[in-house]
Structure formats: C-alpha cells, structure tokens
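One structure is given here, and the rest of the page talks about it.
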Amino acid sequence: MDLILIPGFWLDGSSWRGVAPALERAGHRVRALTLPGLDPADVDRAGVRLRDHVAAVVAAVDEADGPVVLVGHSGGGAIAHAAADARPDRVARVVYVDAGPLGDGQPVNDQLPVVDGVIPLPDWSAFGEEDLRDLDEELRAAFRARAVPQPAAVARDPQVLTDARRYDVPATIIACEYPAAQLREWIDQGHPYVAELAAVRDVEYVDLPTGHWPQFTKPAELAQAILAAVDRR
C-alpha cells in the first residue's frame with residue numbers, strides 16, 4: 001500500500017522519521033511529504049496558499065500506482081480531507097493523527113499570530129497542557145530547532161470541498177490530546193468542531209494518550225496504530 005504522510009504546521013517530511021521506518025518494514029511504500037513553503041531552504045513562504053498544499057497532496061496521490069492511505073497530522077488532516085474530496089476514488093482511507101476533517105469554508109486555524117505573512121512557532125506558553133503532554137525539554141528544543149514558519153494563508157484560507165463522495169472514504173481518528181469518548185460526546189451534542197467528522201460514514205477511533213505531537217513523543221506506538229488502520233482497510 002502507498003502511504004502518504006502529511007505533516008502538521010511548522011514541520012517538513014523529516015518529522016515522520018521516527019514513524020516511517022516501521023511502516024516500510026511492514027512492506028508499505030511510504031512518502032513523507034514536505035509541503036510547499038515548509039522546506040527550510042524556501043525563501044518565499046508568504047505567497048503559499050492552502051490550495052497549494054492540497055495540490056501537492058493530490059499530485060502525490062496521482063503519482064501512486066494504486067489506492068493510497070493518507071495520514072495527516074494536525075493541520076495536515078484538513079489537507080488530507082481536501083485531497084480525499086478531490087480523489088475519493090483513489091483514497092482508500094484517511095488516518096487523522098490528533099486531527100479531523102475540516103468542513104467546507106472553514107479555516108484550518110485563523111487564530112495564530114502572523115508575522116510578515118508567516119506564522120512562526122509560538123512560545124510554548126501559547127499551548128495548553130494537553131498539547132504538550134510527554135513533550136519534554138529535549139523534544140521541545142529539537143522541535144523548535146527544526147520548526148519552519150508556516151505560510152499564513154495555509155492557516156487562514158477557507159477549505160474548498162466539492163464532492164460528497166468524500167464522506168464514503170473510511171477514516172481512522174488517532175485521538176491523542178482528547179480521548180475518543182470526548183470526540184463521540186461532541187458529535188452527539190452536535191458540536192460544530194466535529195460536524196464534518198460526524199458526516200463521515202465509516203469512522204474508527206483509536207486512543208493514543210499523549211500530547212499533540214505523537215510522532216515525537218510516541219513514534220513507535222503511532223506507527224503501530226497507523227499499521228493497524230491500514231490492515232483494517
């Protein structure tokens with residue numbers, strides 16, 4: 001199976017290096033993407049839009065030989081969902097890593113502070129305790145050293161979805177910050193945060209208790225959760 005790994009904000013494809021080898025040893029073809037503007041060598045990030053990130057993932061889907069599984073972390077989950085909307089016949093499953101599908105017209109995150117057209121990684125005080133669980137000082141330092149300013153338009157542009165067949169693409173939610181039971185409760189309550197998730201017809205939930213960056217805090221466990229999701233395809 002072709003697995004396309006989509007990083008969240010501030011991260012490039014190398015952020016999956018603690019996860020990808022286990023997926024490859026299991027026999028999968030793994031492609032960890034560095035999205036436009038997230039290469040540390042990029043100099044023109046401010047002009048990158050959300051559609052550019054979606055187009056990069058769709059191009060990777062088109063380059064695969066057969067069906068693919070998309071794995072999206074954090075904001076990468078919104079991009080994975082848009083790619084599934086664009087290629088619902090090619091995406092076998094979307095695995096959301098502490099993430100979920102983003103509905104049409106919504107921004108990924110329009111609350112983060114912008115500096116000269118980009119969003120630098122904020123101070124740790126901007127994150128909640130649930131975000132930072134298990135992210136010790138060494139991991140925080142390594143994360144900050146590798147962090148790339150996020151193109152602001154990727155966070156603020158509205159999601160564009162057009163094909164209702166996206167709701168037929170099976171999904172796996174790997175719940176880290178908040179347990180799966182909390183997500184189900186929000187769905188039962190009709191919370192707008194999970195409205196798009198509630199519309200997906202085939203969803204499984206997997207609890208992986210840790211903070212918002214399990215690829216750093218629990219990479220082996222994350223790899224096993226992804227492999228289990230692929231096996232249930």
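Convention: chains lettered A, B, ... in structure tokens order; per-chain residue numbering from 1; ligands numbered from 1 as shown.
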**Request:** From a DSSP calculation on the backbone, collect every residue of region 141-191 of chain A in strand (DSSP E or B) and output the set as a PyMOL selection string.
**Result:** chain A and resi 150-151+158+171-175
Take the residues from that selection and write them out as a CSV table (one decimal), in the first residue's frame, keeping N, CA and C atoms.
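Output file again-v8.csv follows:
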```
chain,number,residue,atom,x,y,z
A,150,GLN,N,5.2,28.8,9.3
A,150,GLN,CA,4.1,28.3,8.5
A,150,GLN,C,3.5,29.4,7.6
A,151,PRO,N,3.3,29.1,6.3
A,151,PRO,CA,2.7,30.2,5.5
A,151,PRO,C,1.3,30.5,6.0
A,158,PRO,N,-10.0,29.6,3.4
A,158,PRO,CA,-11.1,28.7,3.7
A,158,PRO,C,-10.9,27.3,2.9
A,171,ALA,N,-12.3,6.5,7.5
A,171,ALA,CA,-11.4,7.3,8.3
A,171,ALA,C,-11.1,6.6,9.6
A,172,THR,N,-9.8,6.9,10.1
A,172,THR,CA,-9.4,6.5,11.4
A,172,THR,C,-8.9,7.7,12.1
A,173,ILE,N,-9.5,7.9,13.3
A,173,ILE,CA,-9.1,9.0,14.2
A,173,ILE,C,-8.1,8.5,15.3
A,174,ILE,N,-6.9,8.9,15.2
A,174,ILE,CA,-6.0,8.6,16.3
A,174,ILE,C,-6.0,9.7,17.3
A,175,ALA,N,-6.7,9.5,18.4
A,175,ALA,CA,-7.0,10.5,19.4
A,175,ALA,C,-5.9,10.6,20.4
```
**Message:** So that I can see what lies close to Pro67 (chain A), please list as a list in words the residues with an atom at most 9 Å from it, counting only C-alpha atoms and leaving out residues fewer than 2 positions away in the same chain.
**Reply:** Met1, Asp2, Val61, Ala64, Asp65, Val69, Asp89, Arg90, Val91, Ala92 and Arg93 of chain A
**Item:** Residues flagged helix (DSSP H, G or I) by DSSP in region 43-109 of chain A, as a PyMOL selection string
**Value:** chain A and resi 50-63+75-86
Output N, CA, C and O atoms for every residue in the selection just made, as a compact mmCIF listing (two decimals), in the first residue's frame.
```
# COMPACT_ATOMS: atom_id res chain seq x y z
N LEU A 50 -3.42 27.62 0.91
CA LEU A 50 -3.94 26.30 1.28
C LEU A 50 -4.10 25.43 0.04
O LEU A 50 -3.80 24.23 0.06
N ARG A 51 -4.58 25.99 -1.05
CA ARG A 51 -4.77 25.21 -2.28
C ARG A 51 -3.45 24.63 -2.79
O ARG A 51 -3.45 23.58 -3.43
N ASP A 52 -2.33 25.30 -2.52
CA ASP A 52 -1.03 24.77 -2.94
C ASP A 52 -0.68 23.50 -2.17
O ASP A 52 -0.11 22.55 -2.73
N HIS A 53 -1.02 23.48 -0.89
CA HIS A 53 -0.76 22.28 -0.09
C HIS A 53 -1.66 21.13 -0.54
O HIS A 53 -1.21 19.98 -0.66
N VAL A 54 -2.93 21.45 -0.79
CA VAL A 54 -3.84 20.41 -1.26
C VAL A 54 -3.37 19.86 -2.60
O VAL A 54 -3.36 18.65 -2.83
N ALA A 55 -2.96 20.75 -3.50
CA ALA A 55 -2.49 20.32 -4.82
C ALA A 55 -1.28 19.42 -4.72
O ALA A 55 -1.13 18.46 -5.50
N ALA A 56 -0.39 19.69 -3.76
CA ALA A 56 0.80 18.85 -3.59
C ALA A 56 0.42 17.44 -3.16
O ALA A 56 1.02 16.45 -3.61
N VAL A 57 -0.57 17.33 -2.28
CA VAL A 57 -1.01 16.00 -1.83
C VAL A 57 -1.74 15.28 -2.97
O VAL A 57 -1.54 14.08 -3.20
N VAL A 58 -2.60 15.99 -3.68
CA VAL A 58 -3.31 15.38 -4.81
C VAL A 58 -2.31 14.88 -5.86
O VAL A 58 -2.47 13.79 -6.42
N ALA A 59 -1.26 15.65 -6.10
CA ALA A 59 -0.23 15.21 -7.06
C ALA A 59 0.43 13.92 -6.59
O ALA A 59 0.71 13.01 -7.40
N ALA A 60 0.69 13.80 -5.29
CA ALA A 60 1.28 12.58 -4.75
C ALA A 60 0.33 11.39 -4.90
O ALA A 60 0.76 10.27 -5.19
N VAL A 61 -0.96 11.63 -4.70
CA VAL A 61 -1.96 10.57 -4.91
C VAL A 61 -1.93 10.12 -6.37
O VAL A 61 -1.94 8.92 -6.68
N ASP A 62 -1.90 11.08 -7.28
CA ASP A 62 -1.92 10.76 -8.71
C ASP A 62 -0.66 10.01 -9.14
O ASP A 62 -0.69 9.23 -10.10
N GLU A 63 0.45 10.24 -8.46
CA GLU A 63 1.71 9.59 -8.82
C GLU A 63 1.80 8.16 -8.30
O GLU A 63 2.66 7.39 -8.76
N GLY A 75 -2.93 20.09 11.35
CA GLY A 75 -3.44 20.78 10.18
C GLY A 75 -3.33 19.98 8.92
O GLY A 75 -4.07 20.22 7.95
N GLY A 76 -2.42 19.01 8.88
CA GLY A 76 -2.32 18.12 7.74
C GLY A 76 -3.54 17.26 7.55
O GLY A 76 -3.79 16.75 6.45
N GLY A 77 -4.34 17.10 8.61
CA GLY A 77 -5.58 16.35 8.48
C GLY A 77 -6.58 17.07 7.58
O GLY A 77 -7.29 16.43 6.79
N ALA A 78 -6.65 18.39 7.70
CA ALA A 78 -7.54 19.16 6.84
C ALA A 78 -7.13 19.03 5.38
O ALA A 78 -7.97 18.92 4.48
N ILE A 79 -5.82 19.01 5.14
CA ILE A 79 -5.31 18.88 3.78
C ILE A 79 -5.59 17.48 3.24
O ILE A 79 -5.98 17.30 2.08
N ALA A 80 -5.43 16.46 4.08
CA ALA A 80 -5.75 15.10 3.67
C ALA A 80 -7.23 14.98 3.29
O ALA A 80 -7.58 14.33 2.30
N HIS A 81 -8.09 15.62 4.05
CA HIS A 81 -9.52 15.55 3.77
C HIS A 81 -9.84 16.22 2.43
O HIS A 81 -10.64 15.70 1.65
N ALA A 82 -9.20 17.34 2.16
CA ALA A 82 -9.40 18.02 0.88
C ALA A 82 -8.90 17.17 -0.28
O ALA A 82 -9.51 17.14 -1.36
N ALA A 83 -7.79 16.45 -0.08
CA ALA A 83 -7.28 15.57 -1.12
C ALA A 83 -8.23 14.40 -1.34
O ALA A 83 -8.43 13.96 -2.48
N ALA A 84 -8.82 13.88 -0.26
CA ALA A 84 -9.82 12.82 -0.41
C ALA A 84 -11.05 13.33 -1.16
O ALA A 84 -11.67 12.59 -1.93
N ASP A 85 -11.40 14.58 -0.93
CA ASP A 85 -12.51 15.20 -1.66
C ASP A 85 -12.18 15.28 -3.15
O ASP A 85 -13.04 15.06 -4.00
N ALA A 86 -10.93 15.59 -3.46
CA ALA A 86 -10.51 15.71 -4.86
C ALA A 86 -10.34 14.36 -5.54
O ALA A 86 -10.53 14.26 -6.76
```
**Asked** Given the choices A:Trp186, A:Trp16, A:Tyr193, A:Tyr205, which gets closest to Ala228 (chain A) if the distance is worked out from only C-alpha atoms?
**Response**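 Closest residue, counting only C-alpha atoms: A:Tyr205.
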**Asked** With only C-alpha atoms as the basis for distance, which of A:Glu24, A:Asp202, A:Asp116, A:Asp163 is at the shortest distance from Gly103 (chain A)?
**Response** A:Asp163
**Prompt:** Of the residues A:Leu121, A:Ala155, A:Leu222, A:Leu183, which is the one nearest to Val97 (chain A), using only C-alpha atoms?
**Reply:**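 Ranking A:Leu121, A:Ala155, A:Leu222, A:Leu183 by distance to Val97 (chain A), first place goes to A:Leu222.
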**Message:** Report as a list in words all protein, DNA and RNA residues lying within 6 Å of Ala147 (chain A), evaluated on only C-alpha atoms, omitting residues in the same chain fewer than 4 positions from it.
**Reply:**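 Here the answer would be Trp10, Leu11 and Phe143 of chain A.
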**Message:** One number please: CA of Glu138 (chain A) to CA of Leu227 (chain A), in Å, one decimal.
**Reply:**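 CA of Leu227 (chain A) lies 27.5 Å from CA of Glu138 (chain A).
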**Request:** Figure out the distance between CA of Glu221 (chain A) and CA of Ala22 (chain A), please, to one decimal in Å.
**Result:**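 Separation between CA of Ala22 (chain A) and CA of Glu221 (chain A): 10.2 Å.
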**Request:** Using only C-alpha atoms, find the one residue out of A:Leu197, A:Ser15, A:Pro120, A:Glu204 that sits nearest to Pro101 (chain A).
**Result:**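 Result for the nearest residue to Pro101 (chain A): A:Leu197.
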